[in-house]
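Visitor: File name upload.cif; file contents mmCIF, C-alpha atoms and all ligand atoms; full text below.
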```
data_my_file
#
loop_
_atom_site.label_atom_id
_atom_site.label_comp_id
_atom_site.auth_asym_id
_atom_site.auth_seq_id
_atom_site.Cartn_x
_atom_site.Cartn_y
_atom_site.Cartn_z
CA MET A 1276 -69.67 -12.38 19.67
CA ALA A 1277 -71.55 -15.40 18.30
CA ASP A 1278 -69.56 -18.24 16.74
CA LYS A 1279 -67.82 -17.55 13.46
CA ILE A 1280 -69.55 -18.83 10.35
CA LEU A 1281 -67.34 -19.71 7.40
CA VAL A 1282 -68.41 -19.97 3.76
CA THR A 1283 -68.58 -23.71 4.05
CA ARG A 1284 -67.78 -26.56 6.40
CA SER A 1285 -66.70 -30.02 5.32
CA SER A 1286 -69.29 -32.75 5.60
CA MET A 1287 -67.89 -35.68 7.58
CA PRO A 1288 -69.29 -39.09 8.49
CA ASP A 1289 -69.49 -40.12 12.14
CA TYR A 1290 -66.03 -40.76 13.57
CA GLU A 1291 -66.93 -44.39 14.28
CA GLU A 1292 -68.17 -44.95 10.74
CA TYR A 1293 -64.91 -43.70 9.25
CA CYS A 1294 -62.82 -45.72 11.72
CA GLU A 1295 -64.75 -48.85 10.77
CA GLU A 1296 -64.13 -48.08 7.09
CA ILE A 1297 -60.35 -47.71 7.50
CA LYS A 1298 -59.89 -50.52 10.06
CA GLY A 1299 -58.90 -53.08 7.42
CA LEU A 1300 -56.00 -50.89 6.31
CA TRP A 1301 -54.22 -51.85 9.55
CA ASP A 1302 -54.41 -55.48 8.44
CA SER A 1303 -53.56 -55.00 4.77
CA HIS A 1304 -51.01 -52.18 5.16
CA TRP A 1305 -52.10 -51.27 1.62
CA LEU A 1306 -52.46 -47.49 1.76
CA THR A 1307 -52.41 -46.27 -1.83
CA ASN A 1308 -51.72 -47.24 -5.48
CA MET A 1309 -55.23 -48.31 -6.46
CA GLY A 1310 -56.05 -50.46 -3.44
CA ALA A 1311 -59.33 -52.08 -2.43
CA LYS A 1312 -61.02 -48.88 -1.18
CA HIS A 1313 -60.06 -47.07 -4.36
CA GLN A 1314 -61.64 -49.85 -6.43
CA GLU A 1315 -64.75 -49.88 -4.28
CA LEU A 1316 -65.29 -46.13 -4.51
CA GLN A 1317 -64.71 -46.17 -8.26
CA THR A 1318 -67.39 -48.84 -8.72
CA GLU A 1319 -69.81 -47.01 -6.38
CA LEU A 1320 -69.32 -43.76 -8.28
CA GLU A 1321 -69.81 -45.36 -11.69
CA LYS A 1322 -73.14 -46.60 -10.37
CA PHE A 1323 -74.13 -43.36 -8.67
CA LEU A 1324 -73.09 -41.10 -11.55
CA GLU A 1325 -74.52 -43.52 -14.14
CA VAL A 1326 -71.43 -43.24 -16.31
CA PRO A 1327 -69.42 -46.14 -17.77
CA HIS A 1328 -66.02 -44.95 -16.52
CA VAL A 1329 -64.71 -43.07 -13.51
CA VAL A 1330 -60.98 -42.57 -12.99
CA LEU A 1331 -60.18 -41.31 -9.49
CA TYR A 1332 -57.57 -38.66 -8.73
CA THR A 1333 -55.86 -37.16 -5.73
CA ASN A 1334 -57.54 -33.85 -6.55
CA GLY A 1335 -59.78 -32.29 -9.17
CA HIS A 1336 -57.12 -30.04 -10.64
CA LEU A 1337 -54.80 -32.88 -11.64
CA ALA A 1338 -57.82 -34.73 -13.03
CA LEU A 1339 -58.50 -31.78 -15.34
CA GLU A 1340 -54.84 -31.39 -16.29
CA ASN A 1341 -54.63 -35.10 -17.11
CA VAL A 1342 -57.78 -35.36 -19.17
CA LEU A 1343 -56.73 -32.35 -21.24
CA ALA A 1344 -53.30 -33.95 -21.76
CA ALA A 1345 -54.97 -37.23 -22.73
CA MET A 1346 -56.69 -35.48 -25.64
CA ASN A 1347 -53.27 -34.90 -27.20
CA PHE A 1348 -54.09 -31.46 -28.58
CA PRO A 1349 -51.43 -29.70 -30.66
CA LYS A 1350 -49.14 -27.28 -28.71
CA ASN A 1351 -50.65 -23.78 -28.60
CA GLY A 1352 -54.05 -25.16 -29.53
CA GLU A 1353 -56.83 -22.81 -28.46
CA VAL A 1354 -59.37 -23.77 -25.82
CA ILE A 1355 -62.57 -21.78 -25.41
CA THR A 1356 -63.46 -21.37 -21.75
CA THR A 1357 -64.77 -18.82 -19.24
CA PRO A 1358 -62.85 -16.62 -16.78
CA PHE A 1359 -65.60 -16.73 -14.12
CA THR A 1360 -64.19 -19.76 -12.35
CA PHE A 1361 -61.56 -20.94 -9.90
CA ALA A 1362 -57.89 -20.61 -10.94
CA SER A 1363 -57.75 -24.35 -11.64
CA THR A 1364 -59.77 -24.27 -14.89
CA THR A 1365 -57.55 -21.74 -16.65
CA HIS A 1366 -54.34 -23.08 -15.14
CA ALA A 1367 -55.05 -26.63 -16.31
CA ILE A 1368 -55.32 -25.29 -19.87
CA VAL A 1369 -52.18 -23.16 -19.67
CA ARG A 1370 -50.12 -25.86 -17.92
CA ASN A 1371 -50.88 -28.14 -20.89
CA GLY A 1372 -49.25 -25.65 -23.30
CA LEU A 1373 -52.68 -24.66 -24.60
CA VAL A 1374 -54.07 -21.15 -25.03
CA PRO A 1375 -57.26 -20.15 -23.20
CA VAL A 1376 -59.65 -18.07 -25.28
CA PHE A 1377 -62.13 -16.43 -22.96
CA CYS A 1378 -65.81 -16.44 -23.75
CA ASP A 1379 -68.29 -14.32 -21.80
CA ILE A 1380 -70.88 -15.80 -19.45
CA ASP A 1381 -74.65 -15.89 -19.36
CA PRO A 1382 -75.97 -13.07 -17.11
CA VAL A 1383 -78.51 -15.35 -15.40
CA ASP A 1384 -76.72 -18.61 -14.56
CA TYR A 1385 -73.08 -17.52 -15.15
CA THR A 1386 -72.22 -20.51 -17.39
CA ILE A 1387 -70.63 -20.01 -20.82
CA ASP A 1388 -72.72 -17.79 -23.14
CA VAL A 1389 -73.32 -20.20 -26.03
CA THR A 1390 -74.29 -17.38 -28.39
CA LYS A 1391 -70.70 -16.08 -28.21
CA ILE A 1392 -68.76 -19.32 -28.75
CA GLU A 1393 -68.78 -19.60 -32.55
CA ALA A 1394 -67.27 -16.13 -33.07
CA LEU A 1395 -64.22 -17.26 -31.06
CA ILE A 1396 -63.51 -20.39 -33.11
CA THR A 1397 -60.37 -20.29 -35.31
CA ASP A 1398 -58.41 -22.98 -37.15
CA LYS A 1399 -56.38 -23.44 -33.93
CA THR A 1400 -59.40 -24.16 -31.71
CA CYS A 1401 -59.30 -27.72 -30.41
CA ALA A 1402 -61.69 -27.79 -27.46
CA ILE A 1403 -64.31 -26.11 -25.34
CA VAL A 1404 -63.90 -26.28 -21.55
CA PRO A 1405 -67.17 -24.99 -20.08
CA VAL A 1406 -67.71 -24.77 -16.33
CA HIS A 1407 -70.91 -25.89 -14.56
CA VAL A 1408 -70.26 -23.00 -12.21
CA TYR A 1409 -71.93 -23.20 -8.75
CA GLY A 1410 -73.49 -26.47 -10.00
CA ASN A 1411 -75.46 -24.65 -12.73
CA ILE A 1412 -75.57 -26.83 -15.80
CA CYS A 1413 -74.20 -25.34 -19.04
CA ARG A 1414 -76.32 -25.42 -22.19
CA VAL A 1415 -75.02 -28.87 -23.01
CA GLU A 1416 -77.09 -29.52 -26.16
CA GLU A 1417 -76.02 -26.27 -27.84
CA ILE A 1418 -72.38 -26.74 -26.83
CA GLN A 1419 -72.40 -30.26 -28.32
CA ARG A 1420 -74.01 -28.96 -31.51
CA ILE A 1421 -71.22 -26.38 -31.93
CA ALA A 1422 -68.52 -28.93 -31.04
CA ASP A 1423 -69.85 -31.41 -33.61
CA LYS A 1424 -70.08 -28.74 -36.30
CA TYR A 1425 -66.41 -27.71 -35.86
CA GLY A 1426 -64.94 -31.06 -34.75
CA LEU A 1427 -64.04 -29.87 -31.23
CA LYS A 1428 -63.72 -31.83 -27.99
CA VAL A 1429 -65.79 -30.79 -24.96
CA ILE A 1430 -64.32 -31.29 -21.50
CA TYR A 1431 -66.57 -30.07 -18.70
CA ASP A 1432 -65.22 -28.58 -15.53
CA ALA A 1433 -67.93 -30.15 -13.38
CA ALA A 1434 -66.06 -29.47 -10.11
CA HIS A 1435 -69.25 -28.02 -8.59
CA ALA A 1436 -71.83 -30.30 -10.20
CA PHE A 1437 -71.55 -33.62 -8.35
CA GLY A 1438 -74.96 -35.28 -8.17
CA VAL A 1439 -76.69 -32.70 -10.40
CA ARG A 1440 -79.00 -34.06 -13.09
CA TYR A 1441 -80.27 -32.33 -16.22
CA LYS A 1442 -83.41 -33.71 -17.90
CA GLY A 1443 -82.84 -36.79 -15.74
CA VAL A 1444 -79.29 -37.30 -17.05
CA SER A 1445 -76.32 -37.28 -14.66
CA SER A 1446 -73.93 -34.33 -15.02
CA ALA A 1447 -71.14 -36.89 -15.53
CA CYS A 1448 -72.48 -37.87 -18.96
CA PHE A 1449 -72.01 -34.75 -21.08
CA GLY A 1450 -69.28 -33.97 -23.61
CA ASP A 1451 -66.17 -36.08 -24.11
CA ALA A 1452 -65.37 -36.04 -20.39
CA SER A 1453 -66.25 -34.28 -17.14
CA MET A 1454 -63.97 -33.48 -14.22
CA PHE A 1455 -65.31 -33.46 -10.65
CA SER A 1456 -63.63 -32.10 -7.53
CA PHE A 1457 -64.03 -33.99 -4.27
CA HIS A 1458 -62.24 -31.30 -2.24
CA ALA A 1459 -63.14 -30.84 1.44
CA THR A 1460 -65.27 -27.82 0.46
CA LYS A 1461 -67.46 -29.70 -2.00
CA VAL A 1462 -70.93 -31.25 -1.68
CA PHE A 1463 -69.23 -34.66 -1.82
CA ASN A 1464 -65.68 -34.87 -0.49
CA THR A 1465 -62.86 -37.38 -0.24
CA ILE A 1466 -60.80 -34.87 1.84
CA GLU A 1467 -58.91 -33.91 -1.32
CA GLY A 1468 -59.87 -35.74 -4.46
CA GLY A 1469 -61.35 -35.69 -7.90
CA ALA A 1470 -62.33 -37.76 -10.88
CA VAL A 1471 -62.66 -37.83 -14.63
CA CYS A 1472 -65.89 -39.38 -15.96
CA PHE A 1473 -66.42 -40.45 -19.56
CA LYS A 1474 -67.90 -43.04 -21.90
CA LYS A 1475 -65.04 -43.92 -24.28
CA ASP A 1476 -63.17 -47.10 -23.25
CA TYR A 1477 -59.76 -46.06 -24.65
CA LEU A 1478 -59.36 -43.33 -22.01
CA VAL A 1479 -59.45 -45.76 -19.08
CA GLN A 1480 -55.95 -47.18 -19.44
CA LEU A 1481 -54.50 -43.90 -20.64
CA LEU A 1482 -55.72 -41.89 -17.65
CA ASN A 1483 -54.82 -44.64 -15.19
CA ASP A 1484 -51.26 -44.70 -16.61
CA MET A 1485 -51.05 -40.90 -16.67
CA LYS A 1486 -51.79 -40.62 -12.97
CA ASN A 1487 -49.15 -43.28 -12.24
CA PHE A 1488 -45.94 -41.99 -13.91
CA GLY A 1489 -46.87 -43.44 -17.31
CA ILE A 1490 -46.24 -46.94 -15.92
CA HIS A 1491 -48.17 -49.40 -18.05
CA GLY A 1492 -46.87 -52.69 -16.68
CA PRO A 1493 -44.19 -53.99 -14.30
CA GLU A 1494 -41.42 -53.41 -16.81
CA ARG A 1495 -43.04 -50.94 -19.17
CA VAL A 1496 -43.16 -47.15 -18.91
CA GLU A 1497 -44.85 -45.80 -22.01
CA PHE A 1498 -44.68 -42.05 -21.46
CA VAL A 1499 -43.64 -39.39 -18.96
CA GLY A 1500 -46.58 -39.34 -16.55
CA GLY A 1501 -47.00 -37.74 -13.14
CA ASN A 1502 -48.37 -38.96 -9.83
CA ALA A 1503 -52.00 -38.10 -9.08
CA LYS A 1504 -53.36 -41.23 -7.40
CA MET A 1505 -56.13 -41.16 -4.79
CA ASN A 1506 -55.07 -42.93 -1.59
CA GLU A 1507 -57.05 -45.38 0.54
CA PHE A 1508 -57.91 -42.90 3.30
CA GLN A 1509 -59.38 -40.51 0.75
CA ALA A 1510 -61.36 -43.31 -0.90
CA ALA A 1511 -62.67 -44.50 2.50
CA MET A 1512 -63.90 -40.97 3.26
CA GLY A 1513 -65.68 -40.96 -0.10
CA ILE A 1514 -67.34 -44.33 0.55
CA CYS A 1515 -68.71 -43.01 3.86
CA ASN A 1516 -69.78 -39.61 2.53
CA LEU A 1517 -71.57 -41.13 -0.46
CA ARG A 1518 -73.86 -43.05 1.95
CA HIS A 1519 -75.13 -39.75 3.38
CA LEU A 1520 -75.23 -37.64 0.23
CA ASP A 1521 -79.02 -37.47 -0.15
CA ARG A 1522 -79.44 -36.26 3.42
CA GLU A 1523 -76.65 -33.71 2.96
CA ILE A 1524 -78.23 -32.29 -0.19
CA GLY A 1525 -81.63 -32.19 1.54
CA LYS A 1526 -80.19 -30.10 4.38
CA ARG A 1527 -78.47 -27.76 1.91
CA LYS A 1528 -81.79 -27.34 0.13
CA ALA A 1529 -83.45 -26.20 3.37
CA VAL A 1530 -80.68 -23.61 3.89
CA MET A 1531 -81.08 -22.32 0.33
CA GLU A 1532 -84.84 -22.07 0.72
CA ARG A 1533 -84.39 -19.95 3.85
CA TYR A 1534 -81.99 -17.62 2.00
CA ARG A 1535 -84.57 -17.26 -0.80
CA GLU A 1536 -87.36 -16.61 1.67
CA ARG A 1537 -85.37 -13.91 3.44
CA LEU A 1538 -83.53 -12.22 0.55
CA SER A 1539 -85.42 -12.60 -2.71
CA GLY A 1540 -87.63 -9.64 -3.46
CA THR A 1541 -85.18 -7.20 -1.90
CA GLU A 1542 -84.36 -4.51 -4.45
CA GLY A 1543 -80.77 -4.75 -5.65
CA ILE A 1544 -80.27 -8.39 -4.59
CA THR A 1545 -80.32 -11.21 -7.15
CA LEU A 1546 -80.25 -14.84 -6.12
CA CYS A 1547 -79.37 -17.29 -8.86
CA PRO A 1548 -82.69 -18.80 -10.04
CA LEU A 1549 -83.18 -22.56 -10.13
CA GLN A 1550 -82.57 -23.85 -13.66
CA ALA A 1551 -85.38 -25.52 -15.62
CA ASP A 1552 -85.08 -29.33 -15.89
CA VAL A 1553 -82.22 -29.42 -13.36
CA GLU A 1554 -82.10 -31.38 -10.09
CA PRO A 1555 -79.63 -29.20 -8.18
CA ASN A 1556 -77.06 -30.04 -5.51
CA TYR A 1557 -77.14 -26.64 -3.74
CA ALA A 1558 -73.36 -26.40 -3.91
CA TYR A 1559 -73.06 -22.62 -3.55
CA CYS A 1560 -75.24 -19.65 -2.72
CA PRO A 1561 -74.18 -16.83 -5.05
CA VAL A 1562 -75.86 -13.46 -4.50
CA VAL A 1563 -75.35 -10.43 -6.73
CA PHE A 1564 -75.58 -6.95 -5.20
CA GLU A 1565 -76.40 -4.08 -7.55
CA PRO A 1566 -75.15 -1.07 -5.58
CA THR A 1567 -77.31 1.53 -7.34
CA LEU A 1568 -80.43 -0.35 -6.24
CA PHE A 1569 -79.28 -1.98 -3.01
CA GLY A 1570 -77.54 1.09 -1.68
CA SER A 1571 -74.35 -0.74 -0.62
CA THR A 1572 -71.62 -2.35 -2.68
CA ARG A 1573 -70.67 -6.02 -2.59
CA ASN A 1574 -67.47 -5.05 -0.77
CA GLU A 1575 -69.44 -3.15 1.87
CA VAL A 1576 -71.70 -6.17 2.46
CA PHE A 1577 -68.63 -8.44 2.59
CA ALA A 1578 -67.05 -6.14 5.22
CA ALA A 1579 -70.26 -5.95 7.29
CA LEU A 1580 -70.52 -9.75 7.29
CA ALA A 1581 -66.85 -10.06 8.29
CA GLU A 1582 -67.37 -7.59 11.17
CA ASN A 1583 -70.09 -9.94 12.39
CA GLY A 1584 -67.90 -13.02 12.17
CA ILE A 1585 -69.41 -14.25 8.91
CA GLY A 1586 -67.01 -15.37 6.19
CA ALA A 1587 -68.71 -14.92 2.83
CA ARG A 1588 -66.41 -15.29 -0.20
CA LYS A 1589 -65.98 -13.45 -3.48
CA TYR A 1590 -66.14 -16.57 -5.67
CA PHE A 1591 -65.19 -15.72 -8.45
CA TYR A 1592 -63.30 -12.46 -8.15
CA PRO A 1593 -60.88 -11.64 -9.63
CA LEU A 1594 -61.62 -13.17 -13.03
CA THR A 1595 -58.92 -15.60 -14.12
CA ASN A 1596 -58.18 -13.48 -17.23
CA THR A 1597 -57.02 -10.66 -14.93
CA PHE A 1598 -54.61 -12.73 -12.83
CA ASP A 1599 -51.16 -11.17 -12.29
CA CYS A 1600 -49.51 -14.33 -13.62
CA PHE A 1601 -50.90 -13.61 -17.09
CA HIS A 1602 -49.32 -10.12 -17.19
CA GLY A 1603 -52.24 -8.49 -18.96
CA ALA A 1604 -52.24 -11.00 -21.83
CA TYR A 1605 -56.04 -11.04 -22.03
CA ASP A 1606 -58.46 -8.21 -22.72
CA ILE A 1607 -61.04 -8.24 -19.92
CA ASN A 1608 -63.32 -6.07 -22.01
CA ASN A 1609 -64.03 -9.19 -24.09
CA THR A 1610 -65.93 -10.65 -21.13
CA PRO A 1611 -68.03 -7.70 -19.86
CA VAL A 1612 -70.77 -9.78 -18.22
CA ALA A 1613 -68.21 -11.83 -16.31
CA LEU A 1614 -66.51 -8.60 -15.20
CA HIS A 1615 -69.84 -7.09 -14.09
CA ILE A 1616 -70.87 -10.15 -12.08
CA SER A 1617 -67.43 -10.75 -10.54
CA LYS A 1618 -67.47 -7.22 -9.08
CA ARG A 1619 -70.90 -7.73 -7.52
CA VAL A 1620 -71.11 -11.35 -6.43
CA LEU A 1621 -70.75 -12.85 -2.98
CA THR A 1622 -71.16 -16.52 -2.15
CA LEU A 1623 -72.89 -16.80 1.19
CA PRO A 1624 -72.19 -19.53 3.77
CA LEU A 1625 -73.81 -22.80 2.75
CA TYR A 1626 -73.30 -26.25 4.21
CA ALA A 1627 -75.46 -29.07 5.47
CA ASP A 1628 -75.11 -28.26 9.17
CA LEU A 1629 -75.66 -24.51 8.86
CA SER A 1630 -78.63 -23.81 11.13
CA LEU A 1631 -81.59 -21.80 9.93
CA GLU A 1632 -80.98 -19.46 12.90
CA ASP A 1633 -77.53 -18.76 11.50
CA VAL A 1634 -79.01 -18.15 8.04
CA ASP A 1635 -81.31 -15.60 9.67
CA ARG A 1636 -78.33 -13.99 11.38
CA ILE A 1637 -76.53 -13.71 8.02
CA CYS A 1638 -79.62 -12.29 6.30
CA ASP A 1639 -80.16 -9.76 9.11
CA VAL A 1640 -76.66 -8.38 8.57
CA ILE A 1641 -77.19 -8.22 4.79
CA LEU A 1642 -80.56 -6.52 5.06
CA ARG A 1643 -79.12 -3.97 7.51
CA CYS A 1644 -76.74 -2.95 4.66
CA LYS A 1645 -79.71 -1.90 2.51
CA ASN A 1646 -79.29 1.77 1.63
CA GLY A 1647 -76.00 1.91 3.49
CA LYS A 1648 -77.60 1.44 6.91
N1 LIG B 1701 -62.55 -26.16 -11.00
C1 LIG B 1701 -63.35 -25.40 -10.25
C2 LIG B 1701 -64.47 -24.67 -10.89
C3 LIG B 1701 -63.14 -25.32 -8.86
O1 LIG B 1701 -63.95 -24.55 -8.11
C4 LIG B 1701 -62.09 -26.06 -8.28
C5 LIG B 1701 -61.86 -26.00 -6.85
C6 LIG B 1701 -61.28 -26.86 -9.12
C7 LIG B 1701 -61.54 -26.87 -10.48
C8 LIG B 1701 -60.13 -27.67 -8.60
O2 LIG B 1701 -60.56 -28.74 -7.78
P1 LIG B 1701 -59.54 -29.23 -6.59
O3 LIG B 1701 -58.19 -29.47 -7.20
O4 LIG B 1701 -59.54 -28.21 -5.50
O5 LIG B 1701 -60.17 -30.55 -6.16
C9 LIG B 1701 -61.55 -23.71 -2.32
C10 LIG B 1701 -61.15 -25.13 -2.62
O6 LIG B 1701 -59.85 -25.43 -2.16
C11 LIG B 1701 -61.25 -25.50 -4.06
O7 LIG B 1701 -61.36 -26.92 -4.12
C12 LIG B 1701 -62.48 -24.92 -4.72
N2 LIG B 1701 -62.52 -25.17 -6.14
C13 LIG B 1701 -62.52 -23.42 -4.49
C14 LIG B 1701 -63.75 -22.77 -5.11
O8 LIG B 1701 -62.59 -23.18 -3.09
P2 LIG B 1701 -60.24 -21.76 -1.19
O9 LIG B 1701 -58.82 -21.32 -1.32
O10 LIG B 1701 -61.29 -20.72 -1.27
O11 LIG B 1701 -60.47 -22.66 0.13
P3 LIG B 1701 -60.32 -22.30 1.67
O12 LIG B 1701 -59.18 -23.06 2.24
O13 LIG B 1701 -60.31 -20.82 1.84
O14 LIG B 1701 -61.65 -22.92 2.27
C15 LIG B 1701 -62.91 -22.31 2.13
C16 LIG B 1701 -63.73 -22.62 3.37
O15 LIG B 1701 -63.99 -24.00 3.44
C17 LIG B 1701 -63.05 -22.28 4.68
O16 LIG B 1701 -63.38 -20.96 5.02
C18 LIG B 1701 -63.62 -23.28 5.65
C19 LIG B 1701 -64.02 -24.45 4.79
N3 LIG B 1701 -63.10 -25.59 4.91
C20 LIG B 1701 -61.90 -25.54 4.29
C21 LIG B 1701 -61.04 -26.60 4.36
C22 LIG B 1701 -59.70 -26.56 3.67
C23 LIG B 1701 -63.49 -26.70 5.64
O17 LIG B 1701 -64.58 -26.74 6.23
N4 LIG B 1701 -62.65 -27.76 5.72
C24 LIG B 1701 -61.43 -27.77 5.12
O18 LIG B 1701 -60.69 -28.77 5.20
O19 LIG B 1701 -60.44 -22.84 -2.33
#
```
Could I get this file's structure written as C-alpha cells?
Guide:
Amino acid sequence: MADKILVTRSSMPDYEEYCEEIKGLWDSHWLTNMGAKHQELQTELEKFLEVPHVVLYTNGHLALENVLAAMNFPKNGEVITTPFTFASTTHAIVRNGLVPVFCDIDPVDYTIDVTKIEALITDKTCAIVPVHVYGNICRVEEIQRIADKYGLKVIYDAAHAFGVRYKGVSSACFGDASMFSFHATKVFNTIEGGAVCFKKDYLVQLLNDMKNFGIHGPERVEFVGGNAKMNEFQAAMGICNLRHLDREIGKRKAVMERYRERLSGTEGITLCPLQADVEPNYAYCPVVFEPTLFGSTRNEVFAALAENGIGARKYFYPLTNTFDCFHGAYDINNTPVALHISKRVLTLPLYADLSLEDVDRICDVILRCKNGK
C-alpha cells in the first residue's frame, strides 16, 4: 500500500535553521520564563499581526481560558458561542464558571449565525465567543454592532485564523481580544503554543501575571494565577516558522485549488467557498457530503479513505453541546444547522508538503464512493 496520509503534518524549518536558532540557549541556559526568544517572537508577531499587543502562551487553550478570566465576568454569566468547534472553546467557558449558550451556525461558512444571536441575549449575558472556524472569518461588523448595543465583550476563538485578513485588516484586530493556537497542527506552529492579541494596554500586565502564578513582582503575588508560559524552544520554533509562512500558505493554496478542481461540481459534495474580502490561510479543507445526492454517507467516505491509508477527520463531530461530560444539559435541537453539518462534514488532508499526486489519490477514492461504488 502507498504511504499513509494523515489529516495534516506539522510544518518544520530545516533542522540546521532550528539548531542555529536554539544554539544560544546552550550559552545562556535560559530556557523559559519570558526569555530572549520569547521576547523576540512576541515583537515579531505584533508586527506580523499588526496588533498592539501579543501575549504568548504555552498553548491556545490556556490563552483562551486566561483571557476569559481576565474579563472578570460574574460567576454563571452567560457566553454566547457555537458548538461546531474543538472542545477547547466550550471548555474554556465552562472552566471559568461561565455558562455557554449555544447559537447555531451559518450554513455556508459555519461561523456563528449573527441573525440568531440577539434572541439568545438575557440579563446574564456577558460575552460572545465566536469561532473563526477553519479560518473562515465571522461577520465581525455585525457581531460588534450587537455587542455594542448590549454592552457585551467579544473574544474571538481565532485558533484557525492565523495570518487571515478581512478587508485588509488582520484577524488579530477584531473584538476585545482574539486567541490563536500555535499547535503543531496549525498553519503556524510553535510545537505547542498560543497567544492572546488585543489593543487595550491594561490587559498586558494582567495576562502576563495570570500566566505566571499571579506573580507581579519579586515579592508581590496579586492573585491566584496558573502557569501557562511559552518556553524558549517553542518560541525559537515560532521564529523559524514565521520566516517561511508565506511559502507555506502558498503551497497550501495549491493543494486547495487541486481539491476544488477535482471535487467541486460533483453532485452531493460541497466545498466551503472562499469568503468575499478575505485573504485566507487555507488552514483546513472541510467537505460536506449530502448522502441523498452523493450516494454515500460521510462515514462511508471516511471508512473508504481509511481503508486506503488516508486519515481524514470529522472536525467537528460530535458537537460540543452533545459531549458526555455535559450530561445532556444542552438541547441540540437549538442548533440544527450545526447538527446537520457535523453529521456530514469531513476535513480532508491538507498541509504544505502534501503532493498534488496525493491529492489526486485522495480525490480518486472519494469519487469512487459516488453512488456507493
Ligand atoms: N479552539 C479551536 C477552534 C481549536 O481548533 C483548538 C485546537 C483550540 C481552540 C485549542 O488550541 P490548542 O490548545 O490545541 O493550542 C488537534 C490539535 O491538537 C488541536 O490543537 C486542534 N485545535 C484540533 C482541531 O486538532 P487532535 O486530537 O485532532 O490532534 P491529533 O493528535 O489527532 O493530530 C492530528 C494530525 O496532525 C495527526 O493525524 C498528524 C498530525 N500531527 C499531529 C501532531 C500531534 C503532526 O503532524 N504533528 C504532531 O506533532 O487535535
Visitor: Counting all atoms listed in the file, name the residues that have an atom within 8 Å of an atom of ligand LIG 1701 (chain B); the answer should be given as a PyMOL selection string.
Guide: chain A and resi 1281-1286+1333-1339+1360-1364+1406-1409+1432-1435+1454-1461+1466-1469+1586+1588+1590-1591
Visitor: Please, what distance in Å, to one decimal, runs between CA of Asp1278 (chain A) and CA of Asp1635 (chain A)?
Guide: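 Those two atoms sit 14.0 Å apart.
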Visitor: Name the residues within 7 Å of (-79.2, -29.4, 5.6), counting only C-alpha atoms in the file's coordinates, and put them as number ranges by chain.
Guide: A: 1523-1530, 1626-1629
Visitor: Could you state the separation of CA of Val1354 (chain A) and CA of Glu1497 (chain A) in Å, given to one decimal place?
Guide: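 Atom-to-atom, CA of Val1354 (chain A) to CA of Glu1497 (chain A), that is 26.7 Å.
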Visitor: From the set A:Pro1349, A:Pro1288, A:Gly1489, A:Pro1593, which residue has the shortest atom-to-atom contact distance to Asn1464 (chain A), counting only C-alpha atoms?
Guide: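 Among the listed residues, A:Pro1288 lies closest to Asn1464 (chain A).
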Visitor: Between A:Asp1521, A:Glu1632, A:Glu1565, A:Asp1384, which one has atoms that come closest to Arg1533 (chain A), using all atoms listed in the file?
Guide: A:Glu1632
Visitor: Between CA of Ala1422 (chain A) and CA of Phe1449 (chain A), what is the distance in Å, rounded to a tenth?
Guide: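 Atom-to-atom, CA of Ala1422 (chain A) and CA of Phe1449 (chain A) are spaced 12.1 Å apart.
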